[in-house]
Structure formats: C-alpha cells, structure tokens
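Worksheet: one structure, shown below.
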Amino acid sequence: MITDARAAIIAVAYLISAILFIFGLKRLSSPATARHGNRLAILAMTIAVAVTLLDRSITWKPINIAIIVVGTAIGAVVGVYFARTVQMTAMPQMVALFNGMGGGTAAFVSVAEFLRFSEEGSIGAGEALSVSAGTAIGALSLTGSLIAFGKLQELISGRPIRFPGLSALNVILFVAILALGTVVVGFDGGNLFVWLLLAVAMVLGVLVVLPIGGADMPVVIALLNSFTGIAAALTGFVVHNQILIVAGALVGASGGFLTVLMSRAMNRPLSNVLFGAFGAASTAG
Amino acid sequence: MSQELILGAYVFLLALFLGVEVIGRVPSTLHTPLMSATNAIHGIVLIGAILVAGTADSPLLYVLAFVAIVLGAGNVFGGFAVTDRMLEMFKKKPVEKR
C-alpha cells in the first residue's frame with residue numbers, strides 16, 4: 001500500500017529491481033553476456049534489500065538493528081568464505097548448501113509470520129495458505145538440499161539409500177503435510193500445527209532425497225532450487241512484498257524449466273531421476 | 001481474500017511464464033551457472049527475514065528472525081560469489097563445446 005513518499009520510493013525501487021532481475025536472467029542465458037548478467041542480478045538484489053530498510057514497519061530498536069546487522073554480517077562472511085575457498089569440483093554441493101539456506105529462510109519467515117498473526121488474533125485465509133505452503137516447501141527444500149550436500153561432499157554415501165516401506169512412508173508424510181496444512185488454513189488450530197508442519201516437511205525432505213544416487217544429484221538440486229524460489233514467492237504473499245513474489249516466481253519457473261532441460265540432457269525423464277531408484281538397484285551412481 | 005492477494009497472484013503467474021521465456025534458449029554449458037545464479041536470486045527471501053526481524057518483539061521471534069537472516073544472507077552472498085567463480089572459469093575456456 002503506497003501511503004507516503006517513502007513507500008513510493010520503495011515501490012519504484014522494487015520495480016527497477018524486478019526489471020534488472022529479468023534482464024540479468026536474460027543475459028545469464030548467453031555465454032558472452034553471462035557474467036554481466038550475474039552482475040545485474042547482484043545490482044538488483046542490492047537495490048531491493050537496501051530500500052527494504054526504509055520500510056516503516058521496521059522498528060529501529062537496538063535489538064532489531066542488532067539482529068539485522070549481525071545476522072547479515074555472519075551470513076555474508078560464511079557464505080563468501082565457503083564460495084571463495086572450496087575446490088572448483090565442490091561447486092555443486094555449494095549450490096545445494098546455499099539453496100538449503102534459502103529454503104530454511106523461507107520456512108522460518110513463514111513460521112514467524114504465522115506466530116505474529118496468531119498473536120494479533122487474526123489471519124486471512126490467503127495468508128494462512130501462503131504460510132502453510134511456504135513452510136512446507138521451504139522446510140522440504142532445506143533438509144533435501146542438506147542431504148544432497150552431504151551426498152556430494154561424501155559425508156554420507158552417494159549411493160541410493162533405501163529401506164523397505166520407504167515409499168509408503170513418504171506417501172503417509174505427504175498426506176500428513178496436506179492434512180496439517182488444511183488444519184492451519186481452515187481452523188484456528190493454534191501454533192502447534194505450524195511447528196508440526198515444519199517438522200514433518202523437514203523429515204520428508206530427508207527421505208525424498210536419500211534414495212537418489214549421486215549422479216542424479218544436479219537434477220535434484222535444480223528441482224529443489226525451483227522449490228525454494230516458489231517458497232520465497234509464497235513468503236512474498238505473507239509479508240505483502242511484490243519483489244519477493246516476482247523474483248521468487250522467476251526462479252521457481254526458470255529453475256523448474258532448467259530441471260527439465262538438465263534431465264533431458266542426461267537422456268533421462270525427470271520421473272526416472274526422482275522415482276527410478278525405487279525399483280532398479282542398477283541406478284547406483 | 002483481499003484485492004492485494006489477487007493482484008499478487010496475477011503477478012506471480014505472469015512472472016512464472018516470464019521465468020521460462022527469458023531463459024528459453026540457454027545452451028547446456030550454461031545450465032549449472034544459471035542454476036547457481038537463480039539459486040542466489042531466491043536469496044531475495046532475505047527481505048522477508050529483514051521485515052520479520054524489524055518487527056520482532058519476543059525472544060522466540062528474535063531467534064527465528066536471526067536464524068532466517070543468517071541463512072538468507074548466506075544464500076545471497078554465497079550464491080552470487082559461487083556463480084561469479086563459475087563464470088570466471090567459463091571465460092578462460094571460450095566456447096569450445098556446445
């Protein structure tokens with residue numbers, strides 16, 4: 001809602017940021033301009049994050065400032081340190097790790113917003129739906145990406161890990177997520193259900209990626225990347241922020257399309273990558 | 001459902017179509033760097049974390065917001081740094097394989 005000059009500045013800056021993200025992606029998909037495209041995306045991100053600090057809902061108490069400044073500093077130092085120091089061959093697991101971090105952010109932001117809504121005593125159906133889906137998809141992406149990271153880093157076996165009844169368990173967990181989401185959206189069921197939703201989705205994330213072999217991991221990371229994009233867009237609905245919706249949806253769609261392209265480049269339908277491990281033991285990477 | 005959410009849904013759907021169109025002709029050598037770049041872009045969820053942190057008023061919300069900000073900032077900074085490194089490597093070997 002544009003109420004004053006400051007809100008107008010934020011809205012216009014978000015618009016410019018959205019345009020820059022789109023041109024950045026366009027340039028990233030051509031070899032000659034790819035690096036410039038990445039720089040455009042960095043510029044877009046800088047603008048969007050910087051003007052967000054002007055938002056009037058931010059109360060500039062010392063504790064809030066400290067959380068924002070210290071948290072960003074720690075994340076930035078850790079992220080850049082790992083990005084700059086890992087072996088070139090370890091790049092895919094770095095993407096998985098950072099993707100998981102983004103998924104975690106989306107999940108925790110969704111949960112925090114729900115807690116705030118329930119403290120105020122009211123939540124709209126649309127917001128509740130976004131909270132549920134954002135929590136579930138973000139949490140699944142968080143733990144799924146961490147397992148992908150662990151497999152590529154060889155912290156856990158890169159071979160498909162299966163046990164009897166795994167697919168049945170996954171179906172049960174998926175149904176449980178739908179049920180918990182329905183409770184969160186449909187009834188004022190209290191905070192417990194959001195925490196349960198977070199927990200069950202985190203377990204499902206682990207179990208979905210465990211049976212997938214190491215060689216298929218890039219495709220899985222691309223898919224989880226798309227999921228995190230959607231989760232980010234969903235948090236945009238919760239905090240009423242347009243640039244989150246735009247950037248999240250762009251990543252969700254382009255990431256999903258990339259997933260299809262990558263599995264096609266491997267000459268394997270996507271369903272084989274995701275579910276092939278159930279039947280055939282020969283798919284071990 | 002409020003008007004704002006409906007408008008948001010339109011924006012979301014249009015951006016979905018645009019997301020596919022805009023990278024439609026990416027060559028396979030750029031699949032991984034592009035995935036890495038989009039991975040960094042969804043770090044924009046950091047904005048959500050900042051808004052939550054800015055309004056937090058209880059210990060539980062402080063903790064949730066702090067964790068969300070650390071993870072989000074790691075996603076943004078790490079994601080872009082990794083992408084830049086990949087593309088740097090890309091530049092040294094000019095297009096030989098298609």
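Chain identifiers are assigned as A, B, and so on, following the order in which chains appear in the structure tokens; residues are numbered from 1 within each chain, and ligands are numbered from 1 in order of appearance.
The shell of residues at most 9 Å from Leu61 of chain B, with only C-alpha atoms counted and near chain neighbours (fewer than 3 positions) removed, consists of Ala112, Glu113, Leu115 and Arg116 of chain A; Val52, Ala53, Thr55, Ala56, Asp57, Ser58, Leu64, Ala65 and Phe66 of chain B.
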>> Set the distance at 12 Å and use only C-alpha atoms: which residues neighbour Gln3 of chain B once local chain neighbours fewer than 2 positions away are removed? I'd like the list as a ChimeraX atom specification.
In response: /A:1,126,237,240 /B:1,5-10
Within 6 Å of chain B: each chain A residue with its shortest pair, only C-alpha atoms, as a Markdown table:
| residue | atom | partner | partner_atom | distance |
| --- | --- | --- | --- | --- |
| A:Lys26 | CA | B:Val22 | CA | 5.4 |
| A:Ser29 | CA | B:Val26 | CA | 4.6 |
| A:Arg35 | CA | B:Leu87 | CA | 5.9 |
| A:Val49 | CA | B:Ile47 | CA | 6.0 |
| A:Ile58 | CA | B:Gly54 | CA | 4.2 |
| A:Thr59 | CA | B:Gly54 | CA | 5.6 |
| A:Asn64 | CA | B:Gly54 | CA | 5.3 |
| A:Ile67 | CA | B:Phe66 | CA | 5.6 |
| A:Gly71 | CA | B:Val70 | CA | 4.7 |
| A:Thr72 | CA | B:Ala73 | CA | 5.3 |
| A:Gly75 | CA | B:Gly74 | CA | 4.1 |
| A:Ala76 | CA | B:Gly74 | CA | 5.3 |
| A:Gly79 | CA | B:Gly78 | CA | 3.9 |
| A:Val80 | CA | B:Gly78 | CA | 4.8 |
| A:Ala83 | CA | B:Val82 | CA | 5.0 |
| A:Val95 | CA | B:Ser36 | CA | 6.0 |
| A:Phe98 | CA | B:Asn75 | CA | 4.6 |
| A:Asn99 | CA | B:Asn39 | CA | 5.9 |
| A:Met101 | CA | B:Leu71 | CA | 4.7 |
| A:Gly102 | CA | B:Gly72 | CA | 5.4 |
| A:Thr105 | CA | B:Ala68 | CA | 4.4 |
| A:Phe108 | CA | B:Ala68 | CA | 5.9 |
| A:Val109 | CA | B:Ala49 | CA | 5.7 |
| A:Gly126 | CA | B:Met1 | CA | 5.9 |
| A:Asn225 | CA | B:Asn39 | CA | 5.9 |
| A:Gly229 | CA | B:His42 | CA | 5.2 |
| A:Ala232 | CA | B:Val45 | CA | 5.2 |
| A:Ile245 | CA | B:Phe12 | CA | 5.8 |
| A:Val246 | CA | B:Ala15 | CA | 5.8 |
| A:Gly248 | CA | B:His42 | CA | 5.7 |
| A:Ala249 | CA | B:Leu16 | CA | 5.2 |
| A:Leu250 | CA | B:Gly19 | CA | 4.3 |
| A:Val251 | CA | B:Thr38 | CA | 5.5 |
| A:Ala253 | CA | B:Leu16 | CA | 5.0 |
| A:Ser254 | CA | B:Gly19 | CA | 4.7 |
> Where in chain B does DSSP assign alpha helix (DSSP H), given as a PyMOL selection string?
Replying inline: chain B and resi 3-22+31-41+46-55+59-92
> Which residue gives the smallest distance to Ala7 of chain A among A:Thr46, A:Ser57, A:Thr33, A:Ser141, with only C-alpha atoms counted?
Replying inline: A:Ser57
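Going from atom CA of Leu166 of chain A to atom CA of Trp195 of chain A covers 23.4 Å.
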>> What's the separation between atom CA of Thr3 of chain A and atom CA of Ser110 of chain A, in Å to one decimal place?
In response: 25.4 Å
> With only C-alpha atoms as the basis for distance, which of A:Leu54, A:Val86, A:Ile161, A:Ile156 is at the shortest distance from Ala8 of chain A?
Replying inline: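 Smallest distance to Ala8 of chain A is found for A:Leu54.
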> If you measure from atom CA of Gly205 of chain A to atom CA of Val219 of chain A, what distance in Å do you get, rounded to one decimal?
Replying inline: 15.3 Å
